[in-house]
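This is work_31.cif. It holds mmCIF, C-alpha atoms.
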```cif
data_my_file
loop_
_atom_site.label_atom_id
_atom_site.label_comp_id
_atom_site.auth_asym_id
_atom_site.auth_seq_id
_atom_site.Cartn_x
_atom_site.Cartn_y
_atom_site.Cartn_z
CA MET D 1 0.86 -15.63 28.21
CA LEU D 2 -2.23 -14.90 26.12
CA GLU D 3 -1.80 -15.07 22.37
CA ARG D 4 -2.44 -11.72 20.71
CA VAL D 5 -5.61 -11.59 18.62
CA PHE D 6 -5.07 -9.40 15.57
CA ILE D 7 -7.82 -7.44 13.85
CA LEU D 8 -6.56 -8.40 10.38
CA GLU D 9 -5.65 -11.79 8.95
CA HIS D 10 -2.06 -11.76 7.77
CA ILE D 11 1.19 -13.57 7.14
CA PHE D 12 4.46 -12.41 8.70
CA ILE D 13 7.75 -13.69 7.29
CA GLU D 14 10.88 -12.63 9.13
CA GLY D 15 13.64 -11.60 6.75
CA LYS D 16 17.37 -11.27 7.19
CA ASN D 17 17.16 -8.40 9.67
CA LEU D 18 14.21 -7.22 11.79
CA ASN D 19 15.76 -3.73 11.72
CA GLY D 20 15.73 -3.80 7.93
CA PRO D 21 12.77 -3.00 5.67
CA THR D 22 9.39 -4.61 6.24
CA PHE D 23 7.21 -4.90 3.14
CA LEU D 24 3.51 -4.34 3.81
CA LEU D 25 1.69 -6.23 1.05
CA LEU D 26 -1.86 -5.16 0.20
CA HIS D 27 -3.80 -7.14 -2.43
CA GLY D 28 -6.41 -6.02 -4.93
CA THR D 29 -10.15 -6.74 -4.80
CA GLY D 30 -10.79 -10.47 -4.50
CA GLY D 31 -7.21 -11.24 -3.56
CA THR D 32 -5.66 -12.72 -0.44
CA GLU D 33 -2.59 -12.23 1.70
CA LYS D 34 -0.75 -14.73 -0.54
CA ASP D 35 -1.16 -12.81 -3.81
CA LEU D 36 1.80 -10.43 -3.59
CA LEU D 37 4.30 -12.74 -1.90
CA PRO D 38 6.05 -13.43 -5.25
CA LEU D 39 6.38 -9.65 -5.76
CA ALA D 40 8.15 -9.26 -2.41
CA GLU D 41 10.46 -12.14 -3.30
CA MET D 42 11.35 -10.46 -6.60
CA VAL D 43 11.97 -7.01 -5.12
CA ASP D 44 13.99 -8.05 -2.06
CA PRO D 45 14.08 -11.65 -0.80
CA ASP D 46 15.85 -10.47 2.38
CA ALA D 47 13.11 -8.07 3.52
CA ASN D 48 10.63 -8.83 6.27
CA VAL D 49 7.12 -9.36 4.89
CA LEU D 50 3.79 -8.44 6.47
CA SER D 51 1.06 -9.44 4.04
CA VAL D 52 -2.49 -8.54 5.01
CA ARG D 53 -5.95 -9.69 3.93
CA GLY D 54 -8.68 -7.07 3.68
CA ASN D 55 -11.54 -7.76 6.09
CA VAL D 56 -14.36 -6.25 4.05
CA SER D 57 -16.28 -8.66 1.83
CA GLU D 58 -17.85 -7.54 -1.44
CA ASN D 59 -19.88 -10.43 -2.83
CA GLY D 60 -17.40 -12.79 -1.21
CA MET D 61 -14.35 -10.90 -2.48
CA PRO D 62 -11.94 -9.55 0.17
CA ARG D 63 -11.34 -5.79 0.07
CA PHE D 64 -9.75 -3.26 2.41
CA PHE D 65 -12.75 -0.90 2.49
CA LYS D 66 -16.26 -0.58 1.10
CA ARG D 67 -17.22 1.18 -2.09
CA LEU D 68 -20.56 2.58 -3.19
CA ALA D 69 -19.96 1.82 -6.88
CA GLU D 70 -17.08 1.17 -9.26
CA GLY D 71 -14.54 3.91 -8.49
CA VAL D 72 -16.75 5.51 -5.80
CA PHE D 73 -15.38 4.98 -2.30
CA ASP D 74 -17.36 4.82 0.91
CA GLU D 75 -15.31 7.57 2.55
CA GLU D 76 -16.59 6.95 6.06
CA ASP D 77 -15.59 3.30 5.84
CA LEU D 78 -12.28 4.21 4.17
CA ILE D 79 -11.36 6.48 7.10
CA GLU D 80 -12.28 3.80 9.64
CA ARG D 81 -10.44 0.99 7.81
CA THR D 82 -7.37 3.18 7.35
CA LYS D 83 -7.28 3.82 11.09
CA GLU D 84 -7.70 0.09 11.70
CA LEU D 85 -4.75 -0.73 9.41
CA TYR D 86 -2.61 1.96 11.04
CA GLN D 87 -3.31 0.51 14.50
CA PHE D 88 -2.65 -3.00 13.20
CA LEU D 89 0.81 -1.93 12.00
CA ASP D 90 1.63 -0.64 15.48
CA GLU D 91 0.47 -3.90 17.06
CA ALA D 92 2.28 -6.09 14.51
CA ALA D 93 5.55 -4.20 15.01
CA GLU D 94 5.28 -4.76 18.74
CA GLU D 95 4.44 -8.45 18.31
CA TYR D 96 7.03 -9.36 15.66
CA GLY D 97 9.77 -6.89 16.54
CA PHE D 98 10.25 -5.21 13.18
CA ASP D 99 11.16 -1.53 12.83
CA ARG D 100 7.84 0.36 12.70
CA ASN D 101 9.61 3.30 11.03
CA TYR D 102 10.86 1.18 8.12
CA VAL D 103 7.60 -0.11 6.65
CA ILE D 104 7.30 0.04 2.86
CA ALA D 105 3.85 -0.62 1.40
CA PHE D 106 3.35 -2.48 -1.86
CA GLY D 107 -0.29 -2.22 -2.88
CA TYR D 108 -2.22 -3.15 -5.98
CA SER D 109 -5.55 -1.52 -6.94
CA ASN D 110 -7.72 -1.60 -3.78
CA GLY D 111 -4.57 -2.34 -1.76
CA ALA D 112 -2.82 0.63 -3.34
CA ASN D 113 -5.79 2.81 -2.41
CA ILE D 114 -5.67 1.88 1.28
CA ALA D 115 -1.89 2.43 1.24
CA GLY D 116 -2.47 5.84 -0.31
CA SER D 117 -5.07 6.54 2.36
CA LEU D 118 -2.48 5.79 5.06
CA LEU D 119 -0.29 8.51 3.52
CA PHE D 120 -3.24 10.92 3.26
CA HIS D 121 -4.17 10.53 6.94
CA TYR D 122 -1.00 9.73 8.94
CA GLN D 123 2.39 11.40 8.78
CA ASP D 124 4.31 8.44 10.23
CA ALA D 125 2.38 5.54 8.70
CA LEU D 126 4.89 4.52 6.03
CA ALA D 127 8.52 5.17 5.14
CA ALA D 128 7.73 4.57 1.47
CA ALA D 129 5.06 3.14 -0.81
CA VAL D 130 4.77 1.45 -4.17
CA LEU D 131 1.27 2.06 -5.47
CA HIS D 132 0.27 -0.12 -8.44
CA HIS D 133 -2.78 1.34 -10.22
CA PRO D 134 -4.05 3.56 -7.39
CA MET D 135 -6.75 6.21 -7.34
CA VAL D 136 -6.85 9.39 -5.27
CA PRO D 137 -8.26 8.09 -1.96
CA ARG D 138 -9.89 11.37 -0.92
CA ARG D 139 -10.05 14.85 -2.40
CA GLY D 140 -10.24 18.25 -0.77
CA ILE D 141 -8.61 17.27 2.52
CA GLU D 142 -5.47 18.53 4.21
CA LEU D 143 -2.61 16.03 4.11
CA PRO D 144 0.21 15.62 6.63
CA ASP D 145 3.77 16.68 5.79
CA LEU D 146 5.19 13.84 3.68
CA ALA D 147 8.71 15.23 3.22
CA THR D 148 10.36 12.03 4.45
CA VAL D 149 8.25 9.68 2.29
CA LYS D 150 9.18 8.23 -1.10
CA VAL D 151 6.46 6.96 -3.44
CA LEU D 152 6.41 5.09 -6.72
CA ILE D 153 3.15 5.07 -8.69
CA THR D 154 2.77 2.62 -11.56
CA ALA D 155 -0.08 3.23 -13.95
CA GLY D 156 -1.51 2.04 -17.27
CA ARG D 157 -2.29 4.52 -20.02
CA ASN D 158 -5.27 2.36 -21.01
CA ASP D 159 -6.46 1.60 -17.50
CA PRO D 160 -10.28 1.95 -17.47
CA LEU D 161 -10.42 2.20 -13.65
CA CYS D 162 -7.49 4.52 -12.93
CA THR D 163 -7.28 7.11 -15.66
CA GLU D 164 -4.17 9.05 -16.63
CA GLN D 165 -5.72 12.11 -14.97
CA GLU D 166 -6.27 10.16 -11.75
CA SER D 167 -2.62 9.09 -11.67
CA ASN D 168 -1.38 12.59 -12.45
CA ASP D 169 -3.66 14.08 -9.78
CA LEU D 170 -2.35 11.67 -7.14
CA GLU D 171 1.24 12.42 -8.08
CA LYS D 172 0.60 16.18 -7.76
CA ILE D 173 -1.21 15.93 -4.42
CA LEU D 174 1.56 13.84 -2.89
CA LYS D 175 4.29 16.11 -4.28
CA ASP D 176 2.47 19.22 -3.09
CA ASN D 177 2.66 17.77 0.43
CA GLY D 178 6.38 17.11 0.25
CA ALA D 179 6.62 13.49 -0.89
CA ASN D 180 9.31 12.36 -3.32
CA VAL D 181 7.21 10.80 -6.08
CA GLN D 182 8.03 8.96 -9.29
CA LEU D 183 5.40 7.91 -11.83
CA HIS D 184 6.02 4.88 -14.04
CA TRP D 185 3.79 4.41 -17.08
CA GLU D 186 2.78 1.22 -18.86
CA ASP D 187 0.78 1.02 -22.09
CA GLY D 188 -1.62 -1.60 -20.73
CA GLY D 189 -4.74 -1.60 -18.59
CA HIS D 190 -5.42 -2.32 -14.93
CA GLN D 191 -3.46 -5.56 -14.64
CA LEU D 192 -0.24 -5.71 -12.61
CA THR D 193 2.56 -6.59 -15.01
CA LYS D 194 5.99 -8.12 -14.54
CA THR D 195 7.59 -4.96 -15.97
CA GLU D 196 5.87 -2.92 -13.23
CA VAL D 197 7.33 -5.21 -10.59
CA GLU D 198 10.73 -4.87 -12.24
CA ALA D 199 10.29 -1.07 -12.18
CA ALA D 200 9.42 -1.31 -8.47
CA LYS D 201 12.56 -3.37 -7.84
CA GLN D 202 14.73 -0.83 -9.70
CA TRP D 203 13.16 2.08 -7.83
CA TYR D 204 13.58 0.31 -4.50
CA GLU D 205 17.26 -0.41 -5.15
CA ASN D 206 17.92 3.17 -6.31
CA GLU D 207 15.89 5.04 -3.71
CA LEU D 208 15.78 2.89 -0.56
CA LYS D 209 18.70 0.50 -0.36
#
```

What is this file in C-alpha coordinates?
Amino acid sequence: MLERVFILEHIFIEGKNLNGPTFLLLHGTGGTEKDLLPLAEMVDPDANVLSVRGNVSENGMPRFFKRLAEGVFDEEDLIERTKELYQFLDEAAEEYGFDRNYVIAFGYSNGANIAGSLLFHYQDALAAAVLHHPMVPRRGIELPDLATVKVLITAGRNDPLCTEQESNDLEKILKDNGANVQLHWEDGGHQLTKTEVEAAKQWYENELK
(Lines of atoms letter the chains of each structure in order from A and count residues from 1; the text may use other names and numbers.)
(Lines give C-alpha, C1' and ligand atoms only; values in the text may rest on other atoms or scores of the structure.)
Protein backbone atom coordinates (compact mmCIF):
# COMPACT_ATOMS: atom_id res chain seq x y z
CA MET A 1 0.00 0.00 0.00
CA LEU A 2 1.44 3.37 -0.99
CA GLU A 3 2.04 5.83 1.81
CA ARG A 4 -0.07 8.96 1.44
CA VAL A 5 1.91 12.09 0.57
CA PHE A 6 0.38 15.11 2.27
CA ILE A 7 0.55 18.64 0.90
CA LEU A 8 1.32 20.11 4.33
CA GLU A 9 3.89 19.10 6.92
CA HIS A 10 2.16 18.24 10.18
CA ILE A 11 2.04 16.28 13.39
CA PHE A 12 -0.95 14.10 14.28
CA ILE A 13 -1.39 12.94 17.87
CA GLU A 14 -4.28 10.59 18.53
CA GLY A 15 -6.16 11.49 21.69
CA LYS A 16 -8.51 9.52 23.88
CA ASN A 17 -11.23 9.17 21.25
CA LEU A 18 -11.02 9.61 17.47
CA ASN A 19 -14.71 10.58 17.53
CA GLY A 20 -13.93 13.35 20.01
CA PRO A 21 -12.59 16.81 19.19
CA THR A 22 -9.55 17.26 16.96
CA PHE A 23 -7.58 20.45 17.57
CA LEU A 24 -6.19 22.01 14.39
CA LEU A 25 -3.14 24.01 15.50
CA LEU A 26 -1.97 26.86 13.27
CA HIS A 27 1.18 28.78 14.25
CA GLY A 28 2.13 32.41 13.73
CA THR A 29 4.69 33.78 11.27
CA GLY A 30 8.05 32.08 11.75
CA GLY A 31 6.60 29.30 13.85
CA THR A 32 6.41 25.55 13.33
CA GLU A 33 3.96 22.73 13.92
CA LYS A 34 5.46 22.29 17.41
CA ASP A 35 4.71 25.81 18.69
CA LEU A 36 1.13 25.35 19.88
CA LEU A 37 1.38 21.79 21.21
CA PRO A 38 1.63 23.07 24.82
CA LEU A 39 -1.56 25.10 24.24
CA ALA A 40 -3.46 21.98 23.16
CA GLU A 41 -2.15 20.13 26.22
CA MET A 42 -3.39 22.93 28.48
CA VAL A 43 -6.84 23.19 26.90
CA ASP A 44 -7.64 19.48 26.62
CA PRO A 45 -4.95 16.79 26.94
CA ASP A 46 -7.47 14.16 25.74
CA ALA A 47 -8.19 15.80 22.37
CA ASN A 48 -6.75 14.62 19.07
CA VAL A 49 -4.18 17.07 17.70
CA LEU A 50 -3.45 17.96 14.08
CA SER A 51 -0.71 20.58 14.08
CA VAL A 52 0.26 22.02 10.71
CA ARG A 53 3.25 23.94 9.36
CA GLY A 54 2.60 26.69 6.84
CA ASN A 55 4.25 25.97 3.49
CA VAL A 56 4.89 29.55 2.41
CA SER A 57 8.32 30.96 3.27
CA GLU A 58 8.83 34.65 3.97
CA ASN A 59 12.57 35.26 4.34
CA GLY A 60 12.88 31.75 5.72
CA MET A 61 9.93 32.11 8.10
CA PRO A 62 7.04 29.65 7.63
CA ARG A 63 3.64 31.24 6.97
CA PHE A 64 0.27 29.96 5.78
CA PHE A 65 -0.10 32.48 2.93
CA LYS A 66 1.78 35.35 1.31
CA ARG A 67 1.43 39.00 2.20
CA LEU A 68 2.27 42.08 0.18
CA ALA A 69 3.26 44.13 3.23
CA GLU A 70 2.69 44.18 6.99
CA GLY A 71 -1.07 43.70 7.42
CA VAL A 72 -1.71 43.56 3.64
CA PHE A 73 -2.65 40.08 2.47
CA ASP A 74 -2.06 38.60 -0.96
CA GLU A 75 -5.72 37.73 -1.44
CA GLU A 76 -5.18 35.47 -4.44
CA ASP A 77 -2.67 33.41 -2.50
CA LEU A 78 -4.87 33.47 0.62
CA ILE A 79 -7.78 31.96 -1.34
CA GLU A 80 -5.55 29.25 -2.84
CA ARG A 81 -3.88 28.37 0.48
CA THR A 82 -7.24 28.27 2.25
CA LYS A 83 -8.51 25.79 -0.33
CA GLU A 84 -5.32 23.76 0.11
CA LEU A 85 -5.79 23.62 3.90
CA TYR A 86 -9.46 22.68 3.51
CA GLN A 87 -8.53 19.79 1.20
CA PHE A 88 -5.74 18.74 3.57
CA LEU A 89 -8.26 18.46 6.43
CA ASP A 90 -10.41 16.13 4.33
CA GLU A 91 -7.39 13.97 3.49
CA ALA A 92 -6.08 13.92 7.06
CA ALA A 93 -9.48 12.88 8.44
CA GLU A 94 -9.57 10.01 5.98
CA GLU A 95 -6.00 8.96 6.79
CA TYR A 96 -6.13 9.21 10.60
CA GLY A 97 -9.80 8.43 11.17
CA PHE A 98 -10.82 11.47 13.20
CA ASP A 99 -14.27 13.04 12.95
CA ARG A 100 -14.04 15.64 10.16
CA ASN A 101 -17.09 17.42 11.59
CA TYR A 102 -15.47 17.94 15.00
CA VAL A 103 -12.39 19.98 14.09
CA ILE A 104 -11.64 22.97 16.31
CA ALA A 105 -8.99 25.39 15.08
CA PHE A 106 -6.58 27.14 17.42
CA GLY A 107 -4.67 29.76 15.48
CA TYR A 108 -2.29 32.53 16.46
CA SER A 109 -1.68 35.62 14.28
CA ASN A 110 -1.04 34.31 10.73
CA GLY A 111 -2.49 30.95 11.81
CA ALA A 112 -5.58 32.69 13.17
CA ASN A 113 -5.96 34.48 9.85
CA ILE A 114 -5.95 31.27 7.80
CA ALA A 115 -8.41 29.74 10.28
CA GLY A 116 -10.62 32.80 9.86
CA SER A 117 -10.30 32.43 6.10
CA LEU A 118 -11.58 28.83 6.36
CA LEU A 119 -14.70 30.21 8.06
CA PHE A 120 -15.07 32.97 5.46
CA HIS A 121 -14.93 30.54 2.53
CA TYR A 122 -16.34 27.16 3.65
CA GLN A 123 -19.49 26.43 5.61
CA ASP A 124 -18.35 23.03 6.88
CA ALA A 125 -14.64 23.70 7.42
CA LEU A 126 -14.64 23.95 11.22
CA ALA A 127 -16.95 23.16 14.12
CA ALA A 128 -15.36 25.95 16.15
CA ALA A 129 -12.33 28.23 16.22
CA VAL A 130 -10.15 30.02 18.74
CA LEU A 131 -8.54 32.96 16.97
CA HIS A 132 -5.66 34.58 18.88
CA HIS A 133 -4.91 38.06 17.49
CA PRO A 134 -6.59 37.66 14.08
CA MET A 135 -7.33 40.19 11.38
CA VAL A 136 -10.29 40.24 9.00
CA PRO A 137 -9.08 37.87 6.24
CA ARG A 138 -11.11 39.46 3.44
CA ARG A 139 -13.62 42.30 3.25
CA GLY A 140 -16.62 42.82 1.02
CA ILE A 141 -17.30 39.15 0.30
CA GLU A 142 -20.33 36.99 0.99
CA LEU A 143 -19.78 34.49 3.79
CA PRO A 144 -21.41 31.08 4.23
CA ASP A 145 -24.03 30.49 6.93
CA LEU A 146 -22.05 29.99 10.15
CA ALA A 147 -24.99 29.29 12.48
CA THR A 148 -23.47 26.06 13.78
CA VAL A 149 -20.00 27.55 14.44
CA LYS A 150 -18.67 28.88 17.73
CA VAL A 151 -15.74 31.30 17.76
CA LEU A 152 -13.56 32.84 20.44
CA ILE A 153 -11.43 35.85 19.47
CA THR A 154 -8.68 36.97 21.83
CA ALA A 155 -7.21 40.39 21.23
CA GLY A 156 -4.85 42.95 22.77
CA ARG A 157 -5.97 46.52 23.27
CA ASN A 158 -2.41 47.66 22.51
CA ASP A 159 -1.80 45.30 19.61
CA PRO A 160 -0.05 47.29 16.83
CA LEU A 161 -0.89 44.68 14.17
CA CYS A 162 -4.50 43.84 15.02
CA THR A 163 -6.24 46.98 16.18
CA GLU A 164 -9.33 47.11 18.38
CA GLN A 165 -11.33 48.11 15.30
CA GLU A 166 -10.03 45.08 13.40
CA SER A 167 -11.11 42.75 16.21
CA ASN A 168 -14.51 44.40 16.52
CA ASP A 169 -15.02 44.25 12.74
CA LEU A 170 -14.22 40.53 12.65
CA GLU A 171 -16.59 39.84 15.53
CA LYS A 172 -19.40 41.72 13.74
CA ILE A 173 -18.85 40.03 10.37
CA LEU A 174 -18.89 36.56 11.93
CA LYS A 175 -21.96 37.35 14.05
CA ASP A 176 -23.79 38.84 11.06
CA ASN A 177 -23.34 35.48 9.34
CA GLY A 178 -24.75 33.49 12.23
CA ALA A 179 -21.68 32.49 14.24
CA ASN A 180 -21.74 32.42 18.03
CA VAL A 181 -18.81 34.72 18.85
CA GLN A 182 -17.14 35.80 22.07
CA LEU A 183 -14.40 38.43 22.22
CA HIS A 184 -11.81 38.30 25.02
CA TRP A 185 -9.67 41.38 25.60
CA GLU A 186 -6.16 41.65 27.03
CA ASP A 187 -4.33 44.88 27.81
CA GLY A 188 -1.15 43.80 26.05
CA GLY A 189 0.12 43.74 22.49
CA HIS A 190 0.40 41.03 19.84
CA GLN A 191 1.97 38.32 21.99
CA LEU A 192 -0.01 35.21 22.94
CA THR A 193 -0.32 35.19 26.72
CA LYS A 194 -0.99 32.46 29.25
CA THR A 195 -4.18 34.25 30.34
CA GLU A 196 -5.45 34.05 26.74
CA VAL A 197 -4.84 30.31 26.72
CA GLU A 198 -6.63 30.04 30.05
CA ALA A 199 -9.54 32.03 28.56
CA ALA A 200 -9.57 29.61 25.61
CA LYS A 201 -9.66 26.64 27.99
CA GLN A 202 -12.56 28.17 29.94
CA TRP A 203 -14.47 28.96 26.75
CA TYR A 204 -13.86 25.46 25.40
CA GLU A 205 -15.11 23.82 28.60
CA ASN A 206 -18.19 26.06 28.73
CA GLU A 207 -19.14 26.03 25.06
CA LEU A 208 -17.90 22.75 23.57
CA LYS A 209 -17.53 20.05 26.19

Which residues are near D:Leu25? Cut-off 8 Å, all atoms listed in the file, ignore same chain within fewer than 3 positions. Put them as a short mmCIF file (atom, residue, chain, number, x, y, z; two decimals) with C-alpha atoms, in the coordinates of the input.
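And here's around.cif as it stands now:
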```
data_model
loop_
_atom_site.label_atom_id
_atom_site.label_comp_id
_atom_site.auth_asym_id
_atom_site.auth_seq_id
_atom_site.Cartn_x
_atom_site.Cartn_y
_atom_site.Cartn_z
CA GLU D 33 -2.59 -12.23 1.70
CA LEU D 36 1.80 -10.43 -3.59
CA LEU D 37 4.30 -12.74 -1.90
CA ALA D 40 8.15 -9.26 -2.41
CA VAL D 49 7.12 -9.36 4.89
CA LEU D 50 3.79 -8.44 6.47
CA SER D 51 1.06 -9.44 4.04
CA VAL D 52 -2.49 -8.54 5.01
CA ALA D 105 3.85 -0.62 1.40
CA PHE D 106 3.35 -2.48 -1.86
CA GLY D 107 -0.29 -2.22 -2.88
CA GLY D 111 -4.57 -2.34 -1.76
#
```

Chain and number of each residue from the PyMOL selection byres ((chain D and resi 201) around 12), as a PyMOL selection string
chain D and resi 39-45+106+130+152+194-200+202-209

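Nearest-residue note for D:Ala115: choosing from D:Leu8, D:Leu161, D:Leu85, D:Ala93, the minimum distance belongs to D:Leu85, counting all atoms listed in the file.
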
I'd like the neighbourhood of D:Ser57 as a ChimeraX atom specification, where a residue qualifies if any of its atoms comes within 10 Å (using only C-alpha atoms), though same-chain residues fewer than 4 positions away should be ignored.
/D:29-30,61-66

Radius query 12 Å about (-3.5, -4.2, 13.8), atoms used: only C-alpha atoms, as a short mmCIF file (atom, residue, chain, number, x, y, z; two decimals) with C-alpha atoms, keeping the file's coordinate frame:
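Result file follows (selection25.cif):
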```
data_model
loop_
_atom_site.label_atom_id
_atom_site.label_comp_id
_atom_site.auth_asym_id
_atom_site.auth_seq_id
_atom_site.Cartn_x
_atom_site.Cartn_y
_atom_site.Cartn_z
CA ARG D 4 -2.44 -11.72 20.71
CA VAL D 5 -5.61 -11.59 18.62
CA PHE D 6 -5.07 -9.40 15.57
CA ILE D 7 -7.82 -7.44 13.85
CA LEU D 8 -6.56 -8.40 10.38
CA GLU D 9 -5.65 -11.79 8.95
CA HIS D 10 -2.06 -11.76 7.77
CA LEU D 50 3.79 -8.44 6.47
CA SER D 51 1.06 -9.44 4.04
CA VAL D 52 -2.49 -8.54 5.01
CA ARG D 53 -5.95 -9.69 3.93
CA GLY D 54 -8.68 -7.07 3.68
CA ASN D 55 -11.54 -7.76 6.09
CA ARG D 81 -10.44 0.99 7.81
CA THR D 82 -7.37 3.18 7.35
CA LYS D 83 -7.28 3.82 11.09
CA GLU D 84 -7.70 0.09 11.70
CA LEU D 85 -4.75 -0.73 9.41
CA TYR D 86 -2.61 1.96 11.04
CA GLN D 87 -3.31 0.51 14.50
CA PHE D 88 -2.65 -3.00 13.20
CA LEU D 89 0.81 -1.93 12.00
CA ASP D 90 1.63 -0.64 15.48
CA GLU D 91 0.47 -3.90 17.06
CA ALA D 92 2.28 -6.09 14.51
CA ALA D 93 5.55 -4.20 15.01
CA GLU D 94 5.28 -4.76 18.74
CA GLU D 95 4.44 -8.45 18.31
CA TYR D 96 7.03 -9.36 15.66
#
```

Figure out the distance between atom CA of D:Ala129 and atom CA of D:Asn59, please, to one decimal in Å.
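Atom-to-atom, atom CA of D:Asn59 and atom CA of D:Ala129 are spaced 28.5 Å apart.
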
Starting from the incomplete input, reconstruct N, CA, C and O atoms of stretch 166-189 of chain D and write that as a CSV table (one decimal), in the frame of the given file.
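So the final result, stored in rebuild.csv, reads:
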```csv
chain,number,residue,atom,x,y,z
D,166,GLU,N,-6.3,10.6,-13.1
D,166,GLU,CA,-6.3,10.2,-11.8
D,166,GLU,C,-4.8,10.0,-11.2
D,166,GLU,O,-4.5,10.4,-10.1
D,167,SER,N,-4.0,9.3,-12.1
D,167,SER,CA,-2.6,9.1,-11.7
D,167,SER,C,-1.8,10.4,-11.5
D,167,SER,O,-1.1,10.6,-10.6
D,168,ASN,N,-2.1,11.3,-12.5
D,168,ASN,CA,-1.4,12.6,-12.4
D,168,ASN,C,-1.8,13.4,-11.3
D,168,ASN,O,-1.0,14.1,-10.6
D,169,ASP,N,-3.1,13.4,-10.9
D,169,ASP,CA,-3.7,14.1,-9.8
D,169,ASP,C,-3.0,13.6,-8.5
D,169,ASP,O,-2.6,14.4,-7.6
D,170,LEU,N,-2.9,12.2,-8.4
D,170,LEU,CA,-2.4,11.7,-7.1
D,170,LEU,C,-0.9,12.1,-7.0
D,170,LEU,O,-0.4,12.4,-5.9
D,171,GLU,N,-0.2,12.0,-8.1
D,171,GLU,CA,1.2,12.4,-8.1
D,171,GLU,C,1.4,13.9,-7.6
D,171,GLU,O,2.2,14.2,-6.7
D,172,LYS,N,0.5,14.7,-8.1
D,172,LYS,CA,0.6,16.2,-7.8
D,172,LYS,C,0.3,16.4,-6.3
D,172,LYS,O,0.9,17.2,-5.6
D,173,ILE,N,-0.8,15.8,-5.8
D,173,ILE,CA,-1.2,15.9,-4.4
D,173,ILE,C,-0.1,15.5,-3.5
D,173,ILE,O,0.2,16.2,-2.5
D,174,LEU,N,0.5,14.3,-3.8
D,174,LEU,CA,1.6,13.8,-2.9
D,174,LEU,C,2.8,14.8,-2.9
D,174,LEU,O,3.4,15.1,-1.9
D,175,LYS,N,3.1,15.2,-4.1
D,175,LYS,CA,4.3,16.1,-4.3
D,175,LYS,C,4.0,17.4,-3.6
D,175,LYS,O,4.9,18.0,-2.9
D,176,ASP,N,2.8,17.9,-3.7
D,176,ASP,CA,2.5,19.2,-3.1
D,176,ASP,C,2.6,19.2,-1.6
D,176,ASP,O,2.7,20.2,-0.9
D,177,ASN,N,2.5,17.9,-1.0
D,177,ASN,CA,2.7,17.8,0.4
D,177,ASN,C,4.0,17.2,0.8
D,177,ASN,O,4.2,16.7,1.9
D,178,GLY,N,5.0,17.4,-0.1
D,178,GLY,CA,6.4,17.1,0.2
D,178,GLY,C,7.0,15.8,-0.1
D,178,GLY,O,8.2,15.6,0.0
D,179,ALA,N,6.1,14.8,-0.6
D,179,ALA,CA,6.6,13.5,-0.9
D,179,ALA,C,7.5,13.5,-2.1
D,179,ALA,O,7.3,14.3,-3.0
D,180,ASN,N,8.5,12.6,-2.1
D,180,ASN,CA,9.3,12.4,-3.3
D,180,ASN,C,8.6,11.3,-4.2
D,180,ASN,O,8.5,10.1,-3.8
D,181,VAL,N,8.1,11.7,-5.3
D,181,VAL,CA,7.2,10.8,-6.1
D,181,VAL,C,7.8,10.6,-7.5
D,181,VAL,O,8.2,11.5,-8.2
D,182,GLN,N,7.7,9.3,-7.9
D,182,GLN,CA,8.0,9.0,-9.3
D,182,GLN,C,6.8,8.3,-9.9
D,182,GLN,O,6.1,7.5,-9.2
D,183,LEU,N,6.6,8.5,-11.1
D,183,LEU,CA,5.4,7.9,-11.8
D,183,LEU,C,5.9,7.1,-13.0
D,183,LEU,O,6.6,7.6,-13.9
D,184,HIS,N,5.6,5.8,-13.0
D,184,HIS,CA,6.0,4.9,-14.0
D,184,HIS,C,4.8,4.5,-14.9
D,184,HIS,O,3.8,4.0,-14.3
D,185,TRP,N,4.9,4.7,-16.2
D,185,TRP,CA,3.8,4.4,-17.1
D,185,TRP,C,4.0,3.1,-17.8
D,185,TRP,O,5.1,2.8,-18.3
D,186,GLU,N,2.9,2.4,-18.0
D,186,GLU,CA,2.8,1.2,-18.9
D,186,GLU,C,1.7,1.5,-19.9
D,186,GLU,O,0.9,2.4,-19.7
D,187,ASP,N,1.8,0.8,-21.0
D,187,ASP,CA,0.8,1.0,-22.1
D,187,ASP,C,-0.5,0.2,-21.9
D,187,ASP,O,-1.5,0.4,-22.6
D,188,GLY,N,-0.5,-0.7,-20.9
D,188,GLY,CA,-1.6,-1.6,-20.7
D,188,GLY,C,-2.7,-1.0,-19.9
D,188,GLY,O,-2.9,0.2,-19.7
D,189,GLY,N,-3.6,-2.0,-19.4
D,189,GLY,CA,-4.7,-1.6,-18.6
D,189,GLY,C,-4.5,-1.7,-17.1
D,189,GLY,O,-3.5,-1.2,-16.6
```
